[in-house]
$ cat data.cif   # mmCIF, C-alpha atoms; chains and numbers go by the auth columns
data_entry
loop_
_atom_site.group_PDB
_atom_site.id
_atom_site.type_symbol
_atom_site.label_atom_id
_atom_site.label_comp_id
_atom_site.label_asym_id
_atom_site.label_seq_id
_atom_site.Cartn_x
_atom_site.Cartn_y
_atom_site.Cartn_z
_atom_site.B_iso_or_equiv
_atom_site.auth_seq_id
_atom_site.auth_asym_id
ATOM 1 C CA MET A 1 -1.783 -18.084 13.334 0.00 1 A
ATOM 2 C CA ASN A 2 1.009 -15.808 14.485 0.00 2 A
ATOM 3 C CA GLY A 3 0.694 -12.333 13.003 0.00 3 A
ATOM 4 C CA ILE A 4 4.020 -12.179 11.183 0.00 4 A
ATOM 5 C CA GLY A 5 3.447 -15.589 9.583 0.00 5 A
ATOM 6 C CA LEU A 6 0.042 -14.492 8.305 0.00 6 A
ATOM 7 C CA LEU A 7 1.393 -11.246 6.865 0.00 7 A
ATOM 8 C CA LEU A 8 4.282 -13.001 5.122 0.00 8 A
ATOM 9 C CA ALA A 9 1.965 -15.670 3.702 0.00 9 A
ATOM 10 C CA ILE A 10 -0.394 -13.030 2.328 0.00 10 A
ATOM 11 C CA GLY A 11 2.503 -11.030 0.896 0.00 11 A
ATOM 12 C CA LEU A 12 4.020 -14.056 -0.857 0.00 12 A
ATOM 13 C CA ALA A 13 0.608 -15.114 -2.156 0.00 13 A
ATOM 14 C CA LEU A 14 0.119 -11.658 -3.662 0.00 14 A
ATOM 15 C CA ILE A 15 3.388 -12.074 -5.585 0.00 15 A
ATOM 16 C CA HIS A 16 1.850 -14.993 -7.488 0.00 16 A
ATOM 17 C CA ALA A 17 -1.623 -13.517 -7.748 0.00 17 A
ATOM 18 C CA PHE A 18 -0.896 -10.012 -8.972 0.00 18 A
ATOM 19 C CA VAL A 19 2.588 -8.525 -8.582 0.00 19 A
ATOM 20 C CA SER A 20 4.363 -10.961 -10.920 0.00 20 A
ATOM 21 C CA LYS A 21 2.132 -9.795 -13.793 0.00 21 A
ATOM 22 C CA LEU A 22 3.586 -6.305 -13.624 0.00 22 A
ATOM 23 C CA ASN A 23 5.920 -5.516 -16.500 0.00 23 A
ATOM 24 C CA ILE A 24 8.912 -4.283 -14.542 0.00 24 A
ATOM 25 C CA SER A 25 10.994 -4.206 -17.719 0.00 25 A
ATOM 26 C CA LYS A 26 9.204 -0.983 -18.702 0.00 26 A
ATOM 27 C CA ILE A 27 10.788 0.687 -15.678 0.00 27 A
ATOM 28 C CA ILE A 28 14.009 -1.286 -15.143 0.00 28 A
ATOM 29 C CA PRO A 29 15.768 -3.158 -17.977 0.00 29 A
ATOM 30 C CA GLU A 30 15.206 -6.901 -17.613 0.00 30 A
ATOM 31 C CA HIS A 31 18.920 -7.759 -17.497 0.00 31 A
ATOM 32 C CA ARG A 32 19.378 -5.362 -14.571 0.00 32 A
ATOM 33 C CA TRP A 33 16.565 -6.500 -12.303 0.00 33 A
ATOM 34 C CA ILE A 34 17.148 -10.211 -12.990 0.00 34 A
ATOM 35 C CA SER A 35 20.862 -9.753 -12.250 0.00 35 A
ATOM 36 C CA PHE A 36 20.017 -7.882 -9.029 0.00 36 A
ATOM 37 C CA ALA A 37 17.584 -10.645 -7.993 0.00 37 A
ATOM 38 C CA GLY A 38 20.238 -13.243 -8.795 0.00 38 A
ATOM 39 C CA GLY A 39 22.721 -11.421 -6.560 0.00 39 A
ATOM 40 C CA VAL A 40 20.244 -11.341 -3.671 0.00 40 A
ATOM 41 C CA SER A 41 19.525 -15.054 -4.157 0.00 41 A
ATOM 42 C CA ILE A 42 23.208 -15.999 -4.151 0.00 42 A
ATOM 43 C CA GLY A 43 23.652 -14.076 -0.897 0.00 43 A
ATOM 44 C CA TYR A 44 20.688 -15.991 0.515 0.00 44 A
ATOM 45 C CA VAL A 45 22.126 -19.360 -0.600 0.00 45 A
ATOM 46 C CA PHE A 46 25.602 -18.854 0.868 0.00 46 A
ATOM 47 C CA LEU A 47 24.610 -17.102 4.098 0.00 47 A
ATOM 48 C CA GLU A 48 21.276 -18.755 4.906 0.00 48 A
ATOM 49 C CA ILE A 49 20.662 -21.995 2.979 0.00 49 A
ATOM 50 C CA PHE A 50 24.115 -23.573 3.373 0.00 50 A
ATOM 51 C CA PRO A 51 24.275 -22.893 7.150 0.00 51 A
ATOM 52 C CA GLU A 52 20.712 -24.222 7.512 0.00 52 A
ATOM 53 C CA LEU A 53 21.701 -27.409 5.654 0.00 53 A
ATOM 54 C CA SER A 54 24.613 -27.870 8.042 0.00 54 A
ATOM 55 C CA HIS A 55 22.254 -27.466 10.996 0.00 55 A
ATOM 56 C CA ALA A 56 19.739 -29.845 9.421 0.00 56 A
ATOM 57 C CA GLN A 57 22.488 -32.447 8.947 0.00 57 A
ATOM 58 C CA LYS A 58 23.115 -32.473 12.700 0.00 58 A
ATOM 59 C CA GLU A 59 19.403 -33.022 13.324 0.00 59 A
ATOM 60 C CA LEU A 60 19.223 -35.949 10.900 0.00 60 A
ATOM 61 C CA GLU A 61 22.321 -37.627 12.326 0.00 61 A
ATOM 62 C CA HIS A 62 20.269 -38.338 15.452 0.00 62 A
ATOM 63 C CA SER A 63 17.059 -39.120 13.610 0.00 63 A
ATOM 64 C CA ALA A 64 14.921 -42.223 14.099 0.00 64 A
ATOM 65 C CA ILE A 65 13.436 -41.920 10.602 0.00 65 A
ATOM 66 C CA PRO A 66 13.803 -45.299 8.808 0.00 66 A
ATOM 67 C CA LEU A 67 16.532 -45.452 6.143 0.00 67 A
ATOM 68 C CA VAL A 68 17.801 -41.948 6.967 0.00 68 A
ATOM 69 C CA THR A 69 19.811 -43.282 9.899 0.00 69 A
ATOM 70 C CA TYR A 70 21.732 -45.599 7.552 0.00 70 A
ATOM 71 C CA LEU A 71 22.782 -42.879 5.117 0.00 71 A
ATOM 72 C CA GLU A 72 25.723 -40.545 5.447 0.00 72 A
ATOM 73 C CA ASN A 73 25.309 -36.891 4.555 0.00 73 A
ATOM 74 C CA HIS A 74 21.541 -37.434 4.494 0.00 74 A
ATOM 75 C CA VAL A 75 20.604 -33.792 4.218 0.00 75 A
ATOM 76 C CA TYR A 76 22.822 -33.254 1.205 0.00 76 A
ATOM 77 C CA ILE A 77 21.382 -36.318 -0.513 0.00 77 A
ATOM 78 C CA LEU A 78 17.883 -34.921 0.049 0.00 78 A
ATOM 79 C CA ALA A 79 18.980 -31.524 -1.280 0.00 79 A
ATOM 80 C CA LEU A 80 20.478 -33.224 -4.343 0.00 80 A
ATOM 81 C CA LEU A 81 17.195 -35.105 -4.842 0.00 81 A
ATOM 82 C CA GLY A 82 15.256 -31.833 -4.763 0.00 82 A
ATOM 83 C CA LEU A 83 17.641 -30.316 -7.294 0.00 83 A
ATOM 84 C CA LEU A 84 17.405 -33.329 -9.651 0.00 84 A
ATOM 85 C CA VAL A 85 13.601 -33.511 -9.500 0.00 85 A
ATOM 86 C CA PHE A 86 13.122 -29.877 -10.479 0.00 86 A
ATOM 87 C CA TYR A 87 15.875 -29.970 -13.068 0.00 87 A
ATOM 88 C CA GLY A 88 14.115 -32.929 -14.699 0.00 88 A
ATOM 89 C CA LEU A 89 10.772 -31.115 -14.621 0.00 89 A
ATOM 90 C CA ASP A 90 12.299 -28.026 -16.210 0.00 90 A
ATOM 91 C CA ILE A 91 13.881 -30.038 -19.018 0.00 91 A
ATOM 92 C CA TRP A 92 10.583 -31.863 -19.560 0.00 92 A
ATOM 93 C CA ALA A 93 8.654 -28.585 -19.800 0.00 93 A
ATOM 94 C CA SER A 94 11.184 -27.120 -22.249 0.00 94 A
ATOM 95 C CA THR A 95 11.102 -30.246 -24.418 0.00 95 A
ATOM 96 C CA SER A 96 7.301 -30.343 -24.386 0.00 96 A
ATOM 97 C CA ARG A 97 7.148 -26.692 -25.419 0.00 97 A
ATOM 98 C CA THR A 98 9.550 -27.284 -28.321 0.00 98 A
ATOM 99 C CA LEU A 99 7.664 -30.361 -29.564 0.00 99 A
ATOM 100 C CA ASN A 100 4.280 -28.669 -29.206 0.00 100 A
ATOM 101 C CA GLN A 101 5.549 -25.719 -31.231 0.00 101 A
ATOM 102 C CA ALA A 102 6.811 -28.017 -33.983 0.00 102 A
ATOM 103 C CA ALA A 103 3.712 -30.231 -34.091 0.00 103 A
ATOM 104 C CA ASN A 104 0.879 -27.773 -33.415 0.00 104 A
ATOM 105 C CA ASN A 105 2.478 -24.332 -33.785 0.00 105 A
ATOM 106 C CA ILE A 106 1.607 -23.613 -30.140 0.00 106 A
ATOM 107 C CA ASP A 107 4.396 -21.990 -28.161 0.00 107 A
ATOM 108 C CA ARG A 108 3.741 -23.596 -24.776 0.00 108 A
ATOM 109 C CA ALA A 109 4.018 -26.965 -23.051 0.00 109 A
ATOM 110 C CA THR A 110 1.166 -29.461 -23.292 0.00 110 A
ATOM 111 C CA PRO A 111 -1.640 -29.369 -20.683 0.00 111 A
ATOM 112 C CA VAL A 112 -0.416 -32.534 -18.926 0.00 112 A
ATOM 113 C CA VAL A 113 3.084 -31.107 -18.521 0.00 113 A
ATOM 114 C CA PHE A 114 1.620 -27.783 -17.401 0.00 114 A
ATOM 115 C CA TRP A 115 -0.364 -29.324 -14.552 0.00 115 A
ATOM 116 C CA ILE A 116 2.478 -31.556 -13.378 0.00 116 A
ATOM 117 C CA HIS A 117 4.930 -28.645 -13.512 0.00 117 A
ATOM 118 C CA VAL A 118 2.631 -26.315 -11.589 0.00 118 A
ATOM 119 C CA ALA A 119 1.721 -29.046 -9.079 0.00 119 A
ATOM 120 C CA ALA A 120 5.404 -29.543 -8.284 0.00 120 A
ATOM 121 C CA PHE A 121 5.844 -25.848 -7.544 0.00 121 A
ATOM 122 C CA ALA A 122 2.626 -25.902 -5.527 0.00 122 A
ATOM 123 C CA VAL A 123 4.229 -28.538 -3.289 0.00 123 A
ATOM 124 C CA LEU A 124 7.180 -26.191 -2.799 0.00 124 A
ATOM 125 C CA ASN A 125 4.789 -23.365 -1.920 0.00 125 A
ATOM 126 C CA ILE A 126 3.052 -25.556 0.645 0.00 126 A
ATOM 127 C CA ILE A 127 6.458 -26.222 2.210 0.00 127 A
ATOM 128 C CA PHE A 128 7.304 -22.508 2.147 0.00 128 A
ATOM 129 C CA GLY A 129 3.969 -21.715 3.757 0.00 129 A
ATOM 130 C CA TYR A 130 4.473 -24.352 6.423 0.00 130 A
ATOM 131 C CA LEU A 131 7.955 -23.101 7.268 0.00 131 A
ATOM 132 C CA LEU A 132 6.594 -19.598 7.937 0.00 132 A
ATOM 133 C CA GLN A 133 5.644 -20.837 11.406 0.00 133 A
ATOM 134 C CA GLU A 134 9.359 -21.180 12.132 0.00 134 A
ATOM 135 C CA LEU A 135 9.743 -17.401 11.854 0.00 135 A
ATOM 136 C CA ARG A 136 7.732 -16.689 14.976 0.00 136 A
ATOM 137 C CA ASP A 137 10.908 -16.530 17.096 0.00 137 A
ATOM 138 C CA HIS A 138 12.858 -14.421 14.592 0.00 138 A
ATOM 139 C CA THR A 139 13.370 -10.673 14.683 0.00 139 A
ATOM 140 C CA LEU A 140 11.410 -8.351 12.431 0.00 140 A
ATOM 141 C CA MET A 141 14.543 -7.681 10.344 0.00 141 A
ATOM 142 C CA GLU A 142 15.128 -11.415 9.819 0.00 142 A
ATOM 143 C CA CYS A 143 11.522 -11.829 8.681 0.00 143 A
ATOM 144 C CA ILE A 144 11.813 -8.904 6.257 0.00 144 A
ATOM 145 C CA LEU A 145 15.048 -10.274 4.759 0.00 145 A
ATOM 146 C CA PHE A 146 13.465 -13.709 4.367 0.00 146 A
ATOM 147 C CA PHE A 147 10.472 -12.143 2.637 0.00 147 A
ATOM 148 C CA ILE A 148 12.653 -10.151 0.216 0.00 148 A
ATOM 149 C CA ALA A 149 14.681 -13.195 -0.828 0.00 149 A
ATOM 150 C CA VAL A 150 11.655 -15.456 -1.278 0.00 150 A
ATOM 151 C CA ALA A 151 9.570 -12.738 -2.982 0.00 151 A
ATOM 152 C CA LEU A 152 12.275 -12.150 -5.609 0.00 152 A
ATOM 153 C CA HIS A 153 12.589 -15.916 -6.018 0.00 153 A
ATOM 154 C CA PHE A 154 8.815 -16.248 -6.546 0.00 154 A
ATOM 155 C CA PHE A 155 8.832 -13.360 -8.985 0.00 155 A
ATOM 156 C CA ILE A 156 11.373 -15.044 -11.250 0.00 156 A
ATOM 157 C CA ILE A 157 9.721 -18.468 -10.889 0.00 157 A
ATOM 158 C CA ASP A 158 6.473 -16.864 -12.085 0.00 158 A
ATOM 159 C CA HIS A 159 8.336 -15.214 -14.952 0.00 159 A
ATOM 160 C CA ASN A 160 9.671 -18.572 -16.138 0.00 160 A
ATOM 161 C CA LEU A 161 6.459 -20.545 -15.626 0.00 161 A
ATOM 162 C CA ARG A 162 4.609 -17.905 -17.630 0.00 162 A
ATOM 163 C CA GLU A 163 7.222 -18.219 -20.388 0.00 163 A
ATOM 164 C CA HIS A 164 6.759 -22.011 -20.560 0.00 164 A
ATOM 165 C CA HIS A 165 2.954 -22.128 -20.253 0.00 165 A
ATOM 166 C CA LYS A 166 1.614 -18.706 -21.319 0.00 166 A
ATOM 167 C CA HIS A 167 -2.165 -18.225 -20.912 0.00 167 A
ATOM 168 C CA PRO A 168 -2.855 -21.401 -18.856 0.00 168 A
ATOM 169 C CA TYR A 169 -0.463 -20.158 -16.201 0.00 169 A
ATOM 170 C CA ASP A 170 -2.155 -16.760 -15.967 0.00 170 A
ATOM 171 C CA ARG A 171 -5.618 -18.295 -15.950 0.00 171 A
ATOM 172 C CA TYR A 172 -5.033 -21.239 -13.579 0.00 172 A
ATOM 173 C CA GLY A 173 -1.427 -21.696 -12.485 0.00 173 A
ATOM 174 C CA ARG A 174 -0.857 -18.498 -10.533 0.00 174 A
ATOM 175 C CA TRP A 175 -4.046 -19.015 -8.527 0.00 175 A
ATOM 176 C CA PHE A 176 -3.058 -22.603 -7.803 0.00 176 A
ATOM 177 C CA LEU A 177 0.290 -21.420 -6.415 0.00 177 A
ATOM 178 C CA THR A 178 -1.422 -18.613 -4.476 0.00 178 A
ATOM 179 C CA ALA A 179 -3.720 -21.130 -2.775 0.00 179 A
ATOM 180 C CA ALA A 180 -0.773 -23.446 -2.058 0.00 180 A
ATOM 181 C CA ILE A 181 1.203 -20.861 -0.097 0.00 181 A
ATOM 182 C CA MET A 182 -1.824 -19.999 2.046 0.00 182 A
ATOM 183 C CA GLY A 183 -2.704 -23.670 2.486 0.00 183 A
ATOM 184 C CA GLY A 184 0.800 -24.398 3.716 0.00 184 A
ATOM 185 C CA ALA A 185 0.646 -21.499 6.167 0.00 185 A
ATOM 186 C CA VAL A 186 -2.622 -22.804 7.614 0.00 186 A
ATOM 187 C CA ALA A 187 -1.261 -26.364 7.785 0.00 187 A
ATOM 188 C CA GLY A 188 1.720 -25.060 9.716 0.00 188 A
ATOM 189 C CA GLN A 189 -0.619 -24.071 12.548 0.00 189 A
ATOM 190 C CA ALA A 190 -2.371 -27.450 12.688 0.00 190 A
ATOM 191 C CA ILE A 191 0.481 -29.885 11.981 0.00 191 A
ATOM 192 C CA HIS A 192 3.762 -29.819 13.851 0.00 192 A
ATOM 193 C CA LEU A 193 6.665 -31.907 12.568 0.00 193 A
ATOM 194 C CA ASP A 194 9.563 -32.904 14.796 0.00 194 A
ATOM 195 C CA LYS A 195 12.967 -31.379 14.102 0.00 195 A
ATOM 196 C CA ALA A 196 14.253 -34.314 12.044 0.00 196 A
ATOM 197 C CA ALA A 197 11.157 -34.388 9.816 0.00 197 A
ATOM 198 C CA LEU A 198 11.337 -30.608 9.442 0.00 198 A
ATOM 199 C CA SER A 199 14.996 -30.878 8.441 0.00 199 A
ATOM 200 C CA THR A 200 14.068 -33.459 5.808 0.00 200 A
ATOM 201 C CA VAL A 201 11.450 -31.124 4.319 0.00 201 A
ATOM 202 C CA TRP A 202 13.818 -28.154 4.426 0.00 202 A
ATOM 203 C CA ALA A 203 16.646 -30.094 2.731 0.00 203 A
ATOM 204 C CA PHE A 204 14.460 -31.054 -0.236 0.00 204 A
ATOM 205 C CA LEU A 205 13.218 -27.470 -0.518 0.00 205 A
ATOM 206 C CA ALA A 206 16.781 -26.139 -0.371 0.00 206 A
ATOM 207 C CA GLY A 207 17.836 -28.351 -3.279 0.00 207 A
ATOM 208 C CA SER A 208 15.029 -27.014 -5.442 0.00 208 A
ATOM 209 C CA ILE A 209 15.853 -23.413 -4.474 0.00 209 A
ATOM 210 C CA ILE A 210 19.517 -23.870 -5.378 0.00 210 A
ATOM 211 C CA LEU A 211 18.571 -25.343 -8.775 0.00 211 A
ATOM 212 C CA ASN A 212 16.125 -22.549 -9.552 0.00 212 A
ATOM 213 C CA ILE A 213 18.688 -19.912 -8.603 0.00 213 A
ATOM 214 C CA LEU A 214 21.498 -21.454 -10.638 0.00 214 A
ATOM 215 C CA LYS A 215 19.319 -22.109 -13.682 0.00 215 A
ATOM 216 C CA ARG A 216 16.941 -19.151 -13.705 0.00 216 A
ATOM 217 C CA GLU A 217 18.309 -16.362 -11.566 0.00 217 A
ATOM 218 C CA LEU A 218 21.909 -16.303 -12.806 0.00 218 A
ATOM 219 C CA PRO A 219 21.588 -14.838 -16.310 0.00 219 A
ATOM 220 C CA ASP A 220 24.188 -15.652 -18.944 0.00 220 A
ATOM 221 C CA GLU A 221 26.817 -13.110 -19.931 0.00 221 A
ATOM 222 C CA ASN A 222 24.702 -11.766 -22.804 0.00 222 A
ATOM 223 C CA LYS A 223 21.713 -10.980 -20.570 0.00 223 A
ATOM 224 C CA SER A 224 23.369 -9.928 -17.352 0.00 224 A
ATOM 225 C CA CYS A 225 24.576 -6.821 -15.593 0.00 225 A
ATOM 226 C CA PHE A 226 27.610 -7.605 -13.443 0.00 226 A
ATOM 227 C CA TRP A 227 27.288 -4.485 -11.297 0.00 227 A
ATOM 228 C CA SER A 228 23.598 -5.138 -10.594 0.00 228 A
ATOM 229 C CA PHE A 229 24.489 -8.683 -9.581 0.00 229 A
ATOM 230 C CA ILE A 230 27.293 -7.498 -7.299 0.00 230 A
ATOM 231 C CA GLY A 231 25.012 -4.801 -5.879 0.00 231 A
ATOM 232 C CA GLY A 232 22.270 -7.306 -5.049 0.00 232 A
ATOM 233 C CA SER A 233 24.602 -9.845 -3.429 0.00 233 A
ATOM 234 C CA THR A 234 26.575 -7.218 -1.488 0.00 234 A
ATOM 235 C CA LEU A 235 23.500 -5.381 -0.222 0.00 235 A
ATOM 236 C CA TYR A 236 21.713 -8.553 0.873 0.00 236 A
ATOM 237 C CA ALA A 237 24.830 -10.092 2.447 0.00 237 A
ATOM 238 C CA GLY A 238 25.478 -6.851 4.316 0.00 238 A
ATOM 239 C CA LEU A 239 21.952 -6.773 5.698 0.00 239 A
ATOM 240 C CA LEU A 240 22.149 -10.434 6.753 0.00 240 A
ATOM 241 C CA LEU A 241 25.413 -9.863 8.577 0.00 241 A
ATOM 242 C CA TRP A 242 24.081 -6.667 10.177 0.00 242 A
ATOM 243 C CA LYS A 243 20.762 -8.072 11.401 0.00 243 A
#

$ encode --input "data.cif" --output "structure tokens"
Amino acid sequence: MNGIGLLLAIGLALIHAFVSKLNISKIIPEHRWISFAGGVSIGYVFLEIFPELSHAQKELEHSAIPLVTYLENHVYILALLGLLVFYGLDIWASTSRTLNQAANNIDRATPVVFWIHVAAFAVLNIIFGYLLQELRDHTLMECILFFIAVALHFFIIDHNLREHHKHPYDRYGRWFLTAAIMGGAVAGQAIHLDKAALSTVWAFLAGSIILNILKRELPDENKSCFWSFIGGSTLYAGLLLWK
């Protein structure tokens, strides 16, 4: 495994395993750090994800994958599919939590919903881990910027999964996601997809990232700090353009 890929995989795994449990709100008000993270994520979406989707579209236009060749705007359809799948899962988890609270006075989703929800994010982590192999030809600055964006994304995903599932997430879920990111990184060294297949995987992942950013990382006006959001987006965009 290339050294930078291993280090990034370990770093991202540690976010799930330990770092996300830290109560940052004791140091930085929650509305400030979530707004800052949202700003960084928006910079990542507009300056990294959207251009990557455009590049992936060109790859899929010449793909021999069945069905894909007959669809127009394939990559955007796959991104939309990723967004819809994770939006549906989020609504399901929220509904399950509400019903479980009303029926059993337990403020978390049911065990079945918990495992399906965590398994879906584990699939995303496997994809993230696999894609780390693609960073081997990138500069150190590009790798660091990628790590910052994904680490903040993971941090907020953990925050929300913990809110939905409470103790089961701390006891099982975070370790499941930790193993998934490392498993994906290892798989990336043993399995090599062609460019079209890789673009398909990336497009689905991008859709889920966009949904999670829009739904979780952009706080509403009552829980946001505009200047923290602007600071995060401006700083990250500046670093991306400078790299």

$ closest_residue --input "data.cif" --among "A:Leu241, A:Ala119, A:Leu124, A:Leu205" --to "Val75 in chain A" --atoms "only C-alpha atoms"
A:Leu205

$ resolve_selection --input "data.cif" --expression "the PyMOL selection byres ((chain A and resi 161-163) around 12)" --output "ChimeraX atom specification"
/A:16,20-21,89-90,93-94,97,107-109,113-121,154-160,164-174,177,212,216

$ closest_residue --input "data.cif" --among "A:Phe18, A:Gly232, A:Gln189, A:Glu48" --to "Arg136 in chain A" --atoms "all atoms listed in the file"
A:Gln189

$ closest_residue --input "data.cif" --among "A:Gly5, A:Pro51, A:Gly11, A:Gly184" --to "Glu134 in chain A" --atoms "only C-alpha atoms"
A:Gly5

$ closest_residue --input "data.cif" --among "A:Thr98, A:Thr200, A:Thr234, A:Ser41" --to "His55 in chain A" --atoms "all atoms listed in the file"
A:Thr200

$ resolve_selection --input "data.cif" --expression "the PyMOL selection byres ((chain A and resi 227) around 12)" --output "list of chain:residue names"
A:His31, A:Arg32, A:Trp33, A:Ile34, A:Ser35, A:Phe36, A:Ala37, A:Gly38, A:Gly39, A:Ser224, A:Cys225, A:Phe226, A:Ser228, A:Phe229, A:Ile230, A:Gly231, A:Gly232, A:Ser233, A:Thr234, A:Leu235

$ atom_distance --input "data.cif" --atom1 "CA of Thr178 in chain A" --atom2 "CA of Ile127 in chain A"
12.8 Å

$ residues_near_point --input "data.cif" --point "(5.2, -12.6, 14.6)" --cutoff "8 Å" --atoms "all atoms listed in the file" --output "ChimeraX atom specification"
/A:2-5,135-138,140

$ resolve_selection --input "data.cif" --expression "the PyMOL selection byres ((chain A and resi 128) around 10)" --output "count of residues only"
23

$ residues_around --input "data.cif" --residues "Met141 in chain A" --least-positions-apart "5" --cutoff "10 Å" --atoms "all atoms listed in the file" --output "PyMOL selection string"
chain A and resi 146-147+239-240+242-243

$ residues_near_point --input "data.cif" --point "(16.9, -26.4, 10.1)" --cutoff "8 Å" --atoms "all atoms listed in the file" --output "list in words"
Glu52, Leu53, His55, Ala56, Glu59, Lys195, Leu198, Ser199 and Trp202 of chain A

$ closest_residue --input "data.cif" --among "A:Tyr236, A:Ile42, A:Asp194, A:Leu84" --to "Glu142 in chain A" --atoms "all atoms listed in the file"
A:Tyr236

$ atom_distance --input "data.cif" --atom1 "CA of Phe86 in chain A" --atom2 "CA of Pro111 in chain A"
18.0 Å

$ atom_distance --input "data.cif" --atom1 "CA of Ala237 in chain A" --atom2 "CA of Pro29 in chain A"
23.4 Å

$ residues_around --input "data.cif" --residues "Ile210 in chain A" --least-positions-apart "2" --cutoff "12 Å" --atoms "all atoms listed in the file" --output "ChimeraX atom specification"
/A:38,41-46,48-50,53,76,79-84,86-87,153,203-208,212-218

$ closest_residue --input "data.cif" --among "A:Ile27, A:Ala103, A:Leu6, A:Ala197" --to "Gln57 in chain A" --atoms "all atoms listed in the file"
A:Ala197
